[in-house]
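K.L.:
Shown below is the structure under consideration.
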Amino acid sequence: MIKKLHLVCNAHLDPVWQWEWEEGAAEALSTFRIAASFCEEFDSFVFCHNESLLYKWIEEYDPMLFEKIRDLVKRGKWHIMGGWHLQPDCNMPSGEFFVRQIFSGRKYFKEKFGVVPKIAFNADPFGHTRGLVQIMKKTGYEGYLFMRPSDNFMSLPHHNFKWVGYDGSEIMASKICYGYNSGKGKAGEKISRILNEVDDEEFYLCLWGIGNHGGGPSKKDLVDISEIIKTEKEKGIEIIHSTLESYFDELKNVDLPKVEKSLNLWAPGCYTSQVRIKQRYRQAENEYFFAESICSHASMSGLMEYPDKELAEAIYDIITVQFHDILPGSSIQPAEEMALRMLDHALEILSRVKTKAFFALSGGQRKPDEDKIPVFVYNPYPYEIKGDFTAEFMLWDQVRDLIYMSPNIFDENGRLLKSQCEKEYSSLPMEWRKRVVFNATLEPMKLNRFDCGFTVLDKKPKYELETDGNCFVYDNNGLKVKINKTTGLIELIEKNGVEYVNTPAFSLEVYKDNHDPWYMEDIGWRDVISNFILLTPQEVKAYYCVKEAIEPVRVIESGDVRCVIEAAFGYKSSRAVVKYIISHNGDFNVDVRINWNEKQELVKLNIPASFNVCDCIGEHAYGRENLKTDLTENVSQKYISLCGTDKGITVANNGIYGSSFDGNKNTLKLTLLRSPSYCAHPVDDRIVLPQDKFSPHIEQGERDYSFKLDFGDRASILNSASRFAQHFNVKPMALSFYPSGIGNKPQAPVSIIGNDIINITAFKKAEIGEGYIIRLFNPVKAEQKATLKVEDAKIDIRFGAFEIKTFRYSNGSITETDLLENLLN
């Protein structure tokens, strides 16, 4: 029997969902005004609300109401709960951008209200990565309140438990059992239902208030609750207007069971719906890391003022798009357009500041020889990286003669590097613009210089691949690949004599889907309709819009660096172009462009392993997770590793989050797109979409995807997976320009010594206090040691399993700090 019931009044308010942000702001103003008036009218009533974004809107659009709320907070009548910028999707943001989400909210509430909430609150997100535990613990939280998934999608030993993170840290967690809101005038009914139905708890939590589109408390609710409090008091039951902190204080005295898993899954369609937002969001995360790092380098070197205002504006856009109805793709089409607009705004800001820093770091570079074109490549990592790098630039003048200018790329020591020209973005049939790919080693956190000269040839050299029956065969430097010319699919990938994939690999498989962007009634897709099949030469002619019929599988680029084979496929009225990019250094990439014109169907890219996969492991926020292998849809971030007993494959991606794995066939199925309708929510057994008018569907048009695969023994691919995926996502910046020849070359500011596993996830100017912040992460379970060097200072570091560590460099010394830069102290 309940002896004490904590009532927490809130007004769940989605800033965007079935409406656009302007309407969300209007509803926030209305809800907060009503709540403030009730705080004054009813003595014991306390209103609770989270999300600094909403408070910022109040501060900007109604300053008088904002000051009234500040006064109510001081008097204990209004409670700031949660403390984040908003309620984000809790699976897809990277670990570092969860930190930024929390930092923004924490900083705002402390500065404006002088408060530090201790209980994180994410009632509405559709699942929660286990990586949040360490992040919340290290940002000052004691507990976490959430609602989804529901009991029929996820089992728990109890609704109150200790949630254990990847690193072993723990935090109290509680699952909302009766929903986060109540209908207008229905709060009393909800309270009575809880009192009647719950008989095995001494104390309990009841959230109430009109929600989703705001609303909060109503006068009838408050009158009814006052009567219930009096009535139940006579029965020995204490009912109080309370806060999350008060409820969790009671949990501290309870022996709670432990849960060591992510809190998933529900609504797996949201891992893929509106994939453009997801890809643009990933791009924004990547560009922010690069821009922040290069600007920190230039600022620390005294070459430019740190662009803190510009970066703050970009981070606002990024963490706002994390919202749990934006990033998951469950909002209306205007909200999708708004999200893309916000991310483009962030990307434009980041493009400008990173370019400014790039030029600032160019001091001390000599002027080029007259017959050379200089190319500079900035490596944002505090360690050396190797690979194929690409730069586009103009020749000195147009060359209209029918000749070919063959590139010769030299490094700073005058060594000739392997290089080749490939098709540039533009299409002008003359020698004027060049796209050069070259294999090089980049020194850490440095503007690496290369000089490009040219040899004049009669025509571009043509490299023929050997064939074996119906297959193109690539065999170089230990990597052997067979591509079937009659199917366009991979028949063999072999590295150092070991096979890694089964045939056919990289098929595009089409599944039956439905109208629901959440896909809230199931946990995966199993109903295969068909596959994309190779186009005929005439179909290729029509799709490519060329004059002659051409073979659907062709070698389109080949040279001293790599070979590119292109295959064209079709399914109904949709088309796909797949490029297999095979580098002489052993790298293997796959690019996919789909022109999609179907509705309520889904596309997966299949990668069948040639070995028995014991573990399918996906990256999560500041951790990694063993994924399900029974065709259940999984969520993961930049990489998935398929591990056998002694070998494995890592697949890195540039912006997808959904996948499944068929354990019977050892096949990874990467979910590329799905085409439900916008914000089409099932309600009982009613028909959802109108049957007498057009309804727009998601993902109509062209979508692009890129993947990179790593092959090797189990231990090596797991140890390298995090850096491998990070390098694929955050690429060095290459630009050709002519330096002035004056100034001094800046030194690399940061280096990681003695370890090739530890990741750098942030290099930024401190927002709290002086100096610069460097955040490092151990992405594996095994303990690690490394040395961090910043300018002339060094510190030896030990990392536990999946441990995040943050350091401040100031006044020539390095000290460890916390994720919030001591904001809470």
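Naming scheme: A, B, ... for chains in displayed order of the structure tokens; residues 1 onward per chain; ligands 1 onward as shown.
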Give me, as a count of residues only, the residues of stretch 625-713 of chain A that a backbone DSSP run labels strand (DSSP E).
P.N.:
42
K.L.:
Using DSSP on the backbone, list every residue of stretch 509-740 of chain A that comes out as alpha helix (DSSP H), and give them as a list of chain:residue names.
P.N.:
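Everything in stretch 509-740 of chain A that counts as alpha helix (DSSP H) is A:Pro537, A:Gln538, A:Glu539, A:Val540, A:Lys541, A:Ala542, A:Tyr543, A:Tyr544, A:Arg714, A:Ala715, A:Ser716, A:Ile717, A:Leu718, A:Asn719, A:Ser720, A:Ala721, A:Ser722, A:Arg723, A:Phe724, A:Ala725, A:Gln726, A:His727, A:Phe728, A:Asn729.
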K.L.:
Keeping only C-alpha atoms, write the selected residues to a file as a PDB file, in the first residue's frame.
P.N.:
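In the end it all went to out.pdb:
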ATOM      1  CA  PRO A 537      22.856  -1.431 -70.975  1.00  0.00           C
ATOM      2  CA  GLN A 538      19.840   0.353 -72.477  1.00  0.00           C
ATOM      3  CA  GLU A 539      18.449   1.101 -69.024  1.00  0.00           C
ATOM      4  CA  VAL A 540      21.830   2.483 -67.978  1.00  0.00           C
ATOM      5  CA  LYS A 541      21.816   4.699 -71.068  1.00  0.00           C
ATOM      6  CA  ALA A 542      18.417   6.096 -70.120  1.00  0.00           C
ATOM      7  CA  TYR A 543      19.259   6.575 -66.434  1.00  0.00           C
ATOM      8  CA  TYR A 544      22.680   8.159 -67.065  1.00  0.00           C
ATOM      9  CA  ARG A 714      39.223  -9.958 -33.915  1.00  0.00           C
ATOM     10  CA  ALA A 715      41.401  -8.092 -31.419  1.00  0.00           C
ATOM     11  CA  SER A 716      42.866  -5.636 -33.915  1.00  0.00           C
ATOM     12  CA  ILE A 717      39.566  -4.626 -35.528  1.00  0.00           C
ATOM     13  CA  LEU A 718      37.945  -4.067 -32.121  1.00  0.00           C
ATOM     14  CA  ASN A 719      40.883  -2.031 -30.830  1.00  0.00           C
ATOM     15  CA  SER A 720      41.011   0.122 -33.952  1.00  0.00           C
ATOM     16  CA  ALA A 721      37.257   0.457 -34.626  1.00  0.00           C
ATOM     17  CA  SER A 722      36.691   3.756 -32.817  1.00  0.00           C
ATOM     18  CA  ARG A 723      39.582   5.634 -34.424  1.00  0.00           C
ATOM     19  CA  PHE A 724      38.867   3.966 -37.772  1.00  0.00           C
ATOM     20  CA  ALA A 725      35.286   5.271 -37.748  1.00  0.00           C
ATOM     21  CA  GLN A 726      36.272   8.688 -36.429  1.00  0.00           C
ATOM     22  CA  HIS A 727      38.825   9.164 -39.208  1.00  0.00           C
ATOM     23  CA  PHE A 728      36.226   8.149 -41.788  1.00  0.00           C
ATOM     24  CA  ASN A 729      33.759  10.703 -40.416  1.00  0.00           C
TER      25      ASN A 729
END
K.L.:
Quick one: of A:Gln283, A:Asn160, A:Thr320, A:Asn448, who's nearest to A:Val254, counting only C-alpha atoms?
P.N.:
A:Asn160
K.L.:
Excluding A:Glu227 and any residue of its chain fewer than 4 positions from it, enumerate the residues within 12 Å of it, using only C-alpha atoms, and give them as a PyMOL selection string.
P.N.:
chain A and resi 187-188+191-192+220-223+231-234+239
K.L.:
Find the residues around stretch 167-175 of chain A up to 6 Å (only C-alpha atoms counted), leave out those fewer than 6 positions away in its own chain, and share them as a PyMOL selection string.
P.N.:
chain A and resi 134+142-147+159-161+801-803
K.L.:
Kindly export the residues of the current selection with N, CA and C atoms, as a compact mmCIF listing (two decimals), in the first residue's frame.
P.N.:
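Result went into result27.txt, see below:
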# COMPACT_ATOMS: atom_id res chain seq x y z
N GLN A 134 27.61 7.14 -17.48
CA GLN A 134 28.87 7.79 -17.15
C GLN A 134 28.79 9.30 -17.37
N GLU A 142 22.45 12.47 -9.91
CA GLU A 142 22.30 11.33 -9.00
C GLU A 142 21.26 10.34 -9.50
N GLY A 143 20.33 10.79 -10.33
CA GLY A 143 19.26 9.92 -10.79
C GLY A 143 18.76 10.28 -12.17
N TYR A 144 17.96 9.37 -12.74
CA TYR A 144 17.45 9.54 -14.10
C TYR A 144 16.01 9.03 -14.16
N LEU A 145 15.11 9.89 -14.63
CA LEU A 145 13.71 9.52 -14.79
C LEU A 145 13.38 9.44 -16.27
N PHE A 146 12.77 8.33 -16.70
CA PHE A 146 12.46 8.11 -18.11
C PHE A 146 11.13 7.35 -18.19
N MET A 147 10.61 7.17 -19.39
CA MET A 147 9.36 6.43 -19.54
C MET A 147 9.44 5.29 -20.54
N HIS A 159 10.69 -1.08 -11.59
CA HIS A 159 10.70 0.23 -12.25
C HIS A 159 11.72 1.18 -11.61
N ASN A 160 12.17 0.87 -10.39
CA ASN A 160 13.29 1.59 -9.77
C ASN A 160 14.51 0.67 -9.76
N PHE A 161 15.65 1.18 -10.20
CA PHE A 161 16.84 0.31 -10.28
C PHE A 161 18.10 1.17 -10.34
N ALA A 801 38.08 0.99 -18.21
CA ALA A 801 37.23 0.57 -19.33
C ALA A 801 36.28 1.69 -19.74
N PHE A 802 36.29 2.05 -21.01
CA PHE A 802 35.36 3.02 -21.60
C PHE A 802 35.34 4.34 -20.79
N GLU A 803 36.47 4.73 -20.28
CA GLU A 803 36.50 5.90 -19.40
C GLU A 803 36.73 7.19 -20.19
K.L.:
One number please: atom CA of A:Asn744 to atom CA of A:Gly363, in Å, one decimal.
P.N.:
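So the two atoms, atom CA of A:Asn744 and atom CA of A:Gly363, lie 5.2 Å apart.
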K.L.:
Can you work out which one of A:Ile493, A:Leu417, A:Met733, A:Ile795 has the shortest atom-to-atom distance to A:Ile649, counting only C-alpha atoms?
P.N.:
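Closest candidate: A:Ile493.
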K.L.:
Give one line per residue of stretch 291-398 of chain A that approaches stretch 748-766 of chain A to at most 9 Å, naming the two atoms of the closest pair and their distance in Å to one decimal, counting only C-alpha atoms; sort by chain then ascending residue number and deliver it as JSON lines.
P.N.:
{"residue": "A:Glu292", "atom": "CA", "partner": "A:Lys764", "partner_atom": "CA", "distance": 5.8}
{"residue": "A:Ser293", "atom": "CA", "partner": "A:Phe763", "partner_atom": "CA", "distance": 5.1}
{"residue": "A:Ile294", "atom": "CA", "partner": "A:Phe763", "partner_atom": "CA", "distance": 8.6}
{"residue": "A:Cys295", "atom": "CA", "partner": "A:Lys764", "partner_atom": "CA", "distance": 8.0}
{"residue": "A:Ser296", "atom": "CA", "partner": "A:Lys764", "partner_atom": "CA", "distance": 5.5}
{"residue": "A:His297", "atom": "CA", "partner": "A:Pro749", "partner_atom": "CA", "distance": 6.3}
{"residue": "A:Ser299", "atom": "CA", "partner": "A:Lys765", "partner_atom": "CA", "distance": 8.5}
{"residue": "A:Met300", "atom": "CA", "partner": "A:Pro749", "partner_atom": "CA", "distance": 7.6}
{"residue": "A:Ser301", "atom": "CA", "partner": "A:Pro749", "partner_atom": "CA", "distance": 7.9}
{"residue": "A:Tyr306", "atom": "CA", "partner": "A:Lys765", "partner_atom": "CA", "distance": 7.5}
{"residue": "A:Asp308", "atom": "CA", "partner": "A:Lys765", "partner_atom": "CA", "distance": 8.1}
{"residue": "A:Tyr381", "atom": "CA", "partner": "A:Ile760", "partner_atom": "CA", "distance": 7.5}
{"residue": "A:Pro382", "atom": "CA", "partner": "A:Ser751", "partner_atom": "CA", "distance": 4.2}
{"residue": "A:Tyr383", "atom": "CA", "partner": "A:Ser751", "partner_atom": "CA", "distance": 6.0}
K.L.:
Have a look at atom CA of A:Ala35 and atom CA of A:Lys68 and let me know their distance in Å, one decimal.
P.N.:
11.1 Å
K.L.:
Determine, counting only C-alpha atoms, which protein, DNA and RNA residues have an atom within 9 Å of an atom of A:His6; residues of the same chain fewer than 2 positions away are not included. Present the result as a list in words.
P.N.:
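In the requested form, the answer reads Lys4, Val8, Phe203, Tyr204, Leu205, Cys206, Leu207, Glu238, Ile239, Ile240, His241, Ser242, Thr243, Leu244, Ser246 and Tyr247 of chain A.
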K.L.:
Taking into account only C-alpha atoms, which residue in the set A:Gly140, A:Gly183, A:Pro257, A:Gly623 is nearest to A:Glu96?
P.N.:
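Of A:Gly140, A:Gly183, A:Pro257, A:Gly623, the one nearest A:Glu96 is A:Gly623, counting only C-alpha atoms.
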